[in-house]
Amino acid sequence: MKPAITALSLAIALACAMPAADALAVELLPRAGATGVNPDTPLRLVFDSPPVPGTRGQVRIYDAADDRLVDTLDLSIPAGPATGRTAPRAPYLPHPYPYGGPRRTNADTKPGTPTPGVDPVPVAAPGDYQLTIIGGFTEGFHFHPVIVRGTMALVTPHHNLLAYGKTYYVQVDPGVLAGDGFQGIAGKDWRFTTKRAGPARDAALVTVSAAGDGDFSTVQGALDHVPDQPAQPGKRTTIFVKNGDYEEIVYFRNKRNLTIVGEDRGKVRIHYANNEVFNPHPLNVATNERPGTFPSRRAAFMADNVQDIALVNLTIETTAKGQAEGLLLNGERNIVTHVTVRGSGDALQTNGSAYYSHFSLVGGGDTILGRGPAWFRDCDIASKGAFMWIRNTEANHGNVFVGCRFTALGGPAEIARLPDNKGRNYPHAEAVLIDATLDGISPAGWADVGAGATHAKFWEFNSRGPDGKPVDTSARHPRSRQLDATRDAAVIAQYRDPAWVLGGWQPALAPVILAQPVVGQDGTLTVRAAGVPEPSYRWYRDGKAVAGASDATLSVRAPGRYTVEVSNGSGRAVSAPVAVGL
């Protein structure tokens, strides 16, 4: 069986019966006649030169068995709002948002249907826009049915409408794409057959590949498949994402004990142009970071009402500006490690106990939003404007950073701000920096602290500049505080302890080998791994332990077959063997 994503060049004749020499060459993916295709596959049309998205016509997908129309994408309908709206401040839900019940999809529910139990019924943004249900959120998301990247047109069908064991054919009207004389795809020639079945529902590991050679072609497809809770208590489900570009909105809710790990942090890119304008909250129902409010839909990647989730070794990004999170994380006991997130305003929204390590974040101001508690270690955070607007209550800690670097973009910036906002504030907001490196931070450090911030904690200890020298804190905001190594030793020790900050939860994640051992030009072996707490290393040559070899890097002194065991209190992983000098 040939891979489903293999390209096949087709000659698509122009509708005006031009000679064959003037036919338009285009690659269709999945190829015509492909078998073993994932039901979550996007459609791709590749041209010799960049096409232009049209504003009319349809993409239609039919069941080849009975010519039943399965999905329609109408390009005359705009993708979503392009400008913000003005409306009176809406109230919050009178009772907690109902996360229970079966997970609805486009196959059984009309997009835009209010979540059962939501009162008042949400009012959508004015206008007729594209809408699809993602991850059970029946109110739906606006989306771009056709996106052009270079010479490729990416077509995204409505989610969950294609099934296993089916043959489909696709028709594309001429107005869907303009340029290069494209005259559409008619008839039944562009057809493909999906896999007979997907992986087992209780599979411990499923794979995602943008190239089509995994269990799923999209991250969302894998998330829709895996159960909310692994069948065996104490076990975890892992979604392994192969290198590739994943342009999709990701939203999932109610998941437990799930790890999403990328093949290569810099080569797994999950992104979308989403923001508050494109997918706003309903006109009559407000959303914010407090538990029980209507969920936000404006991020590129949203993990909602989740517990014990781990995101590892990938990049997440929103390419839109404005209030636009790259990552929105709502839940408890969640881990983000060896991950890069890029966003605009509110680039990271983190609500509920969360642990971040070896984490890179780039944002456009108020870069970290949320109610916490969140504990960061060895993280790099860059922001154009204030780094955070903390909104924790008295019930939990806010944001605590240990050994992190803060870099201001485009001029001096403040670490945090806490203004009175329409008569409200967060009096117990907390941001604590321990052993931070500060680059481009304003002399005041902290700014715009409103009168309502009566018990705020803006504390620092041992902040240093990029040169390693202590930062001059003499002009710091009067509401901030510099902790003293002797007088505040006990307090500093508490903030260094993630369990103390995170309400007693001790974060734990079994080691994951991110990059197998490779031999460097200097004759050393290096392995990359992630784990919480930080894993330890033990190297072996020909099955025997190498004395004193307990680092991620090993200086090779003798030929042999080398492996490394990576372990912590949560588990162990053993690398593939590598031959050196044989």
# chains A, B, ... in the order shown; residues from 1 in each chain; ligands from 1
$ residues_around --residues "A:Pro498" --least-positions-apart "5" --cutoff "8 Å" --atoms "only C-alpha atoms" --output "compact mmCIF listing (two decimals) with N, CA, C and O atoms, in the first residue's frame"
# COMPACT_ATOMS: atom_id res chain seq x y z
N TYR A 355 3.40 23.83 36.01
CA TYR A 355 4.86 23.83 36.17
C TYR A 355 5.48 24.02 34.79
O TYR A 355 5.16 23.29 33.84
N TRP A 375 4.65 27.96 38.41
CA TRP A 375 6.06 27.96 38.86
C TRP A 375 6.93 27.72 37.65
O TRP A 375 6.74 26.75 36.90
N TRP A 505 1.19 20.18 45.38
CA TRP A 505 1.46 19.25 44.27
C TRP A 505 2.94 19.23 43.96
O TRP A 505 3.55 20.27 43.74
N GLN A 506 3.54 18.05 43.94
CA GLN A 506 4.94 17.88 43.57
C GLN A 506 4.99 17.43 42.11
O GLN A 506 4.70 16.27 41.80
N PRO A 507 5.31 18.30 41.16
CA PRO A 507 5.30 17.92 39.74
C PRO A 507 6.22 16.74 39.47
O PRO A 507 7.32 16.66 40.01
$ closest_atom_pairs --of "stretch 103-222 of chain A" --to "stretch 243-261 of chain A" --cutoff "10 Å" --atoms "only C-alpha atoms" --output "tab-separated table"
residue	atom	partner	partner_atom	distance
A:Arg103	CA	A:Arg253	CA	9.4
A:Ile133	CA	A:Tyr251	CA	9.7
A:Ile134	CA	A:Tyr251	CA	6.2
A:Gly135	CA	A:Phe252	CA	4.8
A:Gly136	CA	A:Phe252	CA	7.6
A:Phe137	CA	A:Tyr251	CA	8.2
A:Phe141	CA	A:Ile249	CA	8.5
A:His142	CA	A:Ile249	CA	9.6
A:Phe143	CA	A:Ile249	CA	8.1
A:His144	CA	A:Glu248	CA	9.5
A:Ile147	CA	A:Glu247	CA	9.2
A:Leu154	CA	A:Glu247	CA	9.0
A:Thr156	CA	A:Glu248	CA	8.6
A:Ala204	CA	A:Leu258	CA	9.6
A:Leu205	CA	A:Thr259	CA	9.5
A:Val206	CA	A:Ile260	CA	9.8
A:Thr207	CA	A:Val261	CA	9.8
A:Val208	CA	A:Asn243	CA	9.0
A:Ser209	CA	A:Gly244	CA	7.0
A:Ala210	CA	A:Gly244	CA	5.6
A:Ala211	CA	A:Gly244	CA	7.5
A:Ser217	CA	A:Tyr246	CA	8.8
A:Thr218	CA	A:Tyr246	CA	6.8
A:Val219	CA	A:Val250	CA	7.1
A:Gln220	CA	A:Val250	CA	5.6
A:Gly221	CA	A:Val250	CA	9.4
A:Ala222	CA	A:Ile260	CA	10.0
$ closest_atom_pairs --of "stretch 355-473 of chain A" --to "stretch 322-330 of chain A" --cutoff "12 Å" --atoms "only C-alpha atoms" --output "CSV"
residue,atom,partner,partner_atom,distance
A:Tyr355,CA,A:Leu329,CA,11.1
A:Tyr356,CA,A:Leu329,CA,11.6
A:Ser360,CA,A:Gly326,CA,11.7
A:Leu361,CA,A:Gly326,CA,9.2
A:Val362,CA,A:Gly326,CA,9.3
A:Gly363,CA,A:Glu325,CA,8.6
A:Gly364,CA,A:Gly322,CA,8.3
A:Gly365,CA,A:Gln323,CA,9.5
A:Asp366,CA,A:Gln323,CA,9.4
A:Thr367,CA,A:Glu325,CA,8.5
A:Ile368,CA,A:Glu325,CA,9.1
A:Leu369,CA,A:Glu325,CA,9.2
A:Gly370,CA,A:Leu329,CA,9.2
A:Arg371,CA,A:Asn330,CA,9.8
A:Gly372,CA,A:Asn330,CA,9.6
A:Pro373,CA,A:Asn330,CA,11.1
A:Ala374,CA,A:Leu329,CA,10.8
$ residues_around --residues "A:Gly468" --least-positions-apart "5" --cutoff "12 Å" --atoms "only C-alpha atoms" --output "PyMOL selection string"
chain A and resi 405+435-439+462-463
$ write_last_selection --atoms "C-alpha atoms" --output "CSV table (one decimal), in the first residue's frame"
chain,number,residue,atom,x,y,z
A,405,ARG,CA,15.6,35.3,32.0
A,435,ASP,CA,17.8,34.5,40.7
A,436,ALA,CA,16.5,36.2,37.6
A,437,THR,CA,18.5,37.6,34.7
A,438,LEU,CA,17.0,40.9,33.6
A,439,ASP,CA,17.7,42.5,30.2
A,462,ASN,CA,19.3,38.3,43.5
A,463,SER,CA,18.2,39.8,40.1
$ closest_residue --among "A:Gln171, A:Thr340, A:Gln232, A:Gln130" --to "A:Gly266" --atoms "only C-alpha atoms"
A:Thr340
$ closest_residue --among "A:Leu29, A:Ile239, A:Tyr92, A:Tyr537" --to "A:Asp224" --atoms "only C-alpha atoms"
A:Ile239
$ atom_distance --atom1 "atom CA of A:Asn396" --atom2 "atom CA of A:Leu418"
17.2 Å
$ residues_around --residues "stretch 276-280 of chain A" --least-positions-apart "3" --cutoff "9 Å" --atoms "only C-alpha atoms" --output "VMD selection string"
chain A and resid 79 to 85 124 to 125 141 to 143 273 283 296 to 299 322 to 324
$ select_by_dssp --residues "stretch 383-508 of chain A" --states "helix (DSSP H, G or I)" --output "ChimeraX atom specification"
/A:489-496,498-501
$ residues_around --residues "A:Thr193" --least-positions-apart "5" --cutoff "9 Å" --atoms "only C-alpha atoms" --output "list in words"
Ala4, Gly33, Ala34, Thr35, Gly36, Val37, Asn38, Pro39, Tyr164, Gly165, Lys166, Thr167, Tyr168 and Tyr169 of chain A
$ closest_residue --among "A:Asp128, A:Asp40, A:Asp74, A:Asp213" --to "A:Leu162" --atoms "only C-alpha atoms"
A:Asp40
$ residues_around --residues "A:Ser550" --least-positions-apart "6" --cutoff "12 Å" --atoms "only C-alpha atoms" --output "list in words"
Thr526, Val527, Pro535, Ser536, Tyr537, Arg538, Trp539, Tyr540, Val564, Glu565, Val566 and Ser567 of chain A
$ write_last_selection --atoms "N, CA and C atoms" --output "compact mmCIF listing (two decimals), in the first residue's frame"
# COMPACT_ATOMS: atom_id res chain seq x y z
N THR A 526 26.39 13.15 23.28
CA THR A 526 25.44 14.03 23.96
C THR A 526 24.03 13.52 23.73
N VAL A 527 23.25 13.49 24.79
CA VAL A 527 21.85 13.11 24.71
C VAL A 527 21.02 14.27 25.27
N PRO A 535 16.18 14.75 35.20
CA PRO A 535 16.66 13.36 35.26
C PRO A 535 18.16 13.27 35.50
N SER A 536 18.58 12.11 35.94
CA SER A 536 20.00 11.80 36.06
C SER A 536 20.39 10.87 34.91
N TYR A 537 21.70 10.75 34.66
CA TYR A 537 22.20 10.01 33.50
C TYR A 537 23.21 8.96 33.95
N ARG A 538 23.17 7.83 33.24
CA ARG A 538 24.16 6.80 33.49
C ARG A 538 24.51 6.15 32.15
N TRP A 539 25.79 6.25 31.79
CA TRP A 539 26.24 5.76 30.49
C TRP A 539 26.78 4.34 30.60
N TYR A 540 26.60 3.58 29.50
CA TYR A 540 27.07 2.20 29.43
C TYR A 540 27.86 2.00 28.14
N VAL A 564 22.69 5.15 27.07
CA VAL A 564 22.56 5.96 28.28
C VAL A 564 21.17 5.71 28.87
N GLU A 565 21.15 5.54 30.17
CA GLU A 565 19.91 5.41 30.92
C GLU A 565 19.60 6.76 31.56
N VAL A 566 18.40 7.24 31.32
CA VAL A 566 17.94 8.52 31.86
C VAL A 566 16.83 8.21 32.86
N SER A 567 16.94 8.69 34.08
CA SER A 567 15.98 8.29 35.10
C SER A 567 15.71 9.41 36.10
$ closest_residue --among "A:Gly117, A:Asp215, A:Gly292, A:Thr237" --to "A:Gly101" --atoms "only C-alpha atoms"
A:Gly117
$ closest_residue --among "A:Ala530, A:Leu43, A:Leu525, A:Ala354" --to "A:Pro577" --atoms "only C-alpha atoms"
A:Leu525
